[in-house]
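Here is the structure we will look at.
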Amino acid sequence: MLSEQEIQRREALNRLRQLGYEPYPASEFSVTHTAEEILNGFETNPDAFQSVRLAGRIMSKRIMGKAAFSDLKDHTGRVQLYFNRDEICAGEDKTAYNEVYKKLTDIGDFLGVQGEVFKTRMGEISVLVKEFVFLSKSLRPLPVVKTDADGKVYDAFTDPEQRYRQRYVDLIVNPEVKNTFVTRSQIINSMRSVFNEKGYLEVETPILQPIPGGAAARPFITHHNALDIPLYLRIANELYLKRLIVGGFDGVYEFAKDFRNEGMDRTHNPEFTVMEIYVAYKDYRWMMGFTEQLLETVVKDVNKGETKVTVGDQVIDFKAPFKRVTMTDAIKEHTGIDITGMNEEQLRKACQSLGIETDETMGKAKLIDEIFGEKCEKNYIQPTFITDYPKEMSPLCKRHRDNPDLTERFELMVNGKELANAYSELNDPIDQRERFEEQLALSEKGDDEAMFIDHDFLRALEYGMPPAAGLGIGIDRLTMFLTNNSSIQEVLFFPQMRPEKKPVLPTVDDYLALGISEAWAEHVMKVYPTPKAMLELKPTQVHQTLNGFRKKQKLDLPALQLEDVSSWF
RNA sequence: GACUCGAUAGCUCAGCUGGUAGAGCAUAACACUUUUAAUGUUAGGGUCCUGGGUUCGAGCCCCAGUCGAGUCACCA
């Protein structure tokens, strides 16, 4: 069902064609200026704007008799158009103004205009339109958001569901939304140029993987028909990037979409973007320095040279160097408990004393992780490196040079959340095999996120991988920080949503499908709004009701026979 | 998964004890030659998310469901 406004727009479309205006022309419309160029350049050099051509979407109309104003929005901003009847219609025929502009042009239509820039009595730089053409007619009304002189916004399009489901509408009417995505793109560009300057190589690795490795998470499963094998959407790309280090690259990085089949909320989307980088002959200490420099550079690039960023009610300073705290010290500081040397049983007790729920499937690593996640994580607002994680939590990470129970790992915590994760990569193939086997044991214990054993990865390590440092940064989270958004949905163009369910209204075809004649179908539909409503009744009753309807409405149709009606059931 | 809140016109939202469904913007018509949330007059526009129940009568009350938001849990 079309709404009244949609019908009117379709009628306007037909009328335009009647008048010889093509609403969807094929040819290019060449543009000489953007809205931004006009607004910025006119004051200093008015002569350069005697004749301009620009294109964009009509966002408002204000008509006053023979004169009218519209806002035209292009990719750079909005500029006001001034339509004057006698400027547009040189001769006697005033159709172009009176009908085409005033009646047939709607908010949302794309127009191309040619005209002259001037300043109105109110002092607004505007384009006096001499000619205009349709570039694309809009058939659905846009939400109209208005802003008054004080910057107060009226009738904002704010419903998150509609904004995410119809991001295109969100982008049209909520200009600040665009900035978030521009920043996101700048973040990635800035990182990429840091890496490229160092000579590291941007690479691509498989998204469809026979063994989903490199992280602890549940994967999505799919199936390859020709090979008749299951394939998994990657949960990480770590093992592939390390194979490339084995292959002899000095530094490789990838901006990777990963997929995890887990819950969704305002910080988790089933697909998300991670930047991972691996650099040969480095360790995690070098990587800490590299990470803080990288982030300081990125933040300055997108934040006008400033290192301070406002996130909610916090101000976070990304100026290097960042604080460094070992995980053991962090737990000691926030719980008073020293977990050094504790076994699984002792850790379980420690959890109980802290009021943390545990279960039998949890190994040492999970228990420690629980304590940290529950009691410590939220305290690190300013960028802080948490270092030296227990071995069991980090099956791909090299043992700590000073303590074999720990690993050379750090996570960067910002605003109480993990932003980055890095290791001195484990390159001892025998140790790596043992770690995988421990994971297998965990998996048998019921941990459905424990890692699979990737034999090809082990084979690669057996050929020899140089020592290397690896780093992963959550691009979505970083973007959330740098655009001051508290939900991941705001930094993804198209966040995952439950499918839209359209109420399925019965059509005439549904009635025809039952074998009802074409002549009768539309009338049956009036009596029984759904086929189901009819089929629940007895054929005899339906037969009588319909013939009664025929008589009452004086339908020029032969009366129904009971056999006809029965055949529908 | 638990709890709380929400779903009414194209958009943002009202809706009295349960008694003919409202406003602003948008739309249509008329007026108006520099407006800017343009203005003035008039008009049209609704399966009140879905399905049941209570009732003479449900947008409102009750039950179930769908979708969304928030909080928590889960999830590196």
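Simple scheme: letters A, B, ... for chains in structure tokens order, numbers from 1 for residues in each chain, numbers from 1 for ligands in the order shown.
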Requested in this report: Please identify all polymer residues within 6 Å of A37 of chain B, counting only C-alpha atoms (C1' of nucleotides), omitting same-chain residues fewer than 4 positions from it, and present them as a list of chain:residue names.
Outcome: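 The residues satisfying every condition are A:Lys146, A:Thr147, A:Asp148.
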Counting only C-alpha atoms (C1' of nucleotides), which residues of chain B fall within 7 Å of chain A, and what is the closest atom pair for each with its distance in Å at one decimal, ordered by chain and rising number, as JSON lines?
{"residue": "B:G10", "atom": "C1'", "partner": "A:Pro141", "partner_atom": "CA", "distance": 5.5}
{"residue": "B:C11", "atom": "C1'", "partner": "A:Pro143", "partner_atom": "CA", "distance": 4.6}
{"residue": "B:U12", "atom": "C1'", "partner": "A:Asp155", "partner_atom": "CA", "distance": 4.3}
{"residue": "B:C25", "atom": "C1'", "partner": "A:Asp155", "partner_atom": "CA", "distance": 7.0}
{"residue": "B:A26", "atom": "C1'", "partner": "A:Val144", "partner_atom": "CA", "distance": 6.7}
{"residue": "B:U27", "atom": "C1'", "partner": "A:Gln5", "partner_atom": "CA", "distance": 6.0}
{"residue": "B:C32", "atom": "C1'", "partner": "A:Gly65", "partner_atom": "CA", "distance": 5.1}
{"residue": "B:U33", "atom": "C1'", "partner": "A:Ala67", "partner_atom": "CA", "distance": 5.4}
{"residue": "B:U34", "atom": "C1'", "partner": "A:Thr120", "partner_atom": "CA", "distance": 5.6}
{"residue": "B:U35", "atom": "C1'", "partner": "A:Phe69", "partner_atom": "CA", "distance": 6.6}
{"residue": "B:A37", "atom": "C1'", "partner": "A:Asp148", "partner_atom": "CA", "distance": 4.9}
{"residue": "B:A38", "atom": "C1'", "partner": "A:Arg62", "partner_atom": "CA", "distance": 6.4}
{"residue": "B:G45", "atom": "C1'", "partner": "A:Glu4", "partner_atom": "CA", "distance": 6.6}
{"residue": "B:G68", "atom": "C1'", "partner": "A:Glu161", "partner_atom": "CA", "distance": 6.0}
{"residue": "B:C75", "atom": "C1'", "partner": "A:Glu262", "partner_atom": "CA", "distance": 6.4}
Query raised in the report: Looking only at the backbone, which of the residues in segment 191-418 of chain A does DSSP tag as strand (DSSP E or B), as a VMD selection string?
Result: chain A and resid 201 to 202 208 to 209 221 to 224 229 to 233 251 to 259 265 268 271 to 280 308 to 311 314 to 317 323 to 326 384 to 387 390 397 399 406 to 407 409 to 414 417 to 418
Report task. Could you give me, as a ChimeraX atom specification, the residues within 8 Å of G59 of chain B, counting only C-alpha atoms (C1' of nucleotides) and dropping anything in the same chain fewer than 3 positions from it? Result -> /B:8,21,48
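A straight line drawn from atom CA of Thr328 of chain A to atom CA of Val414 of chain A is 18.5 Å long.
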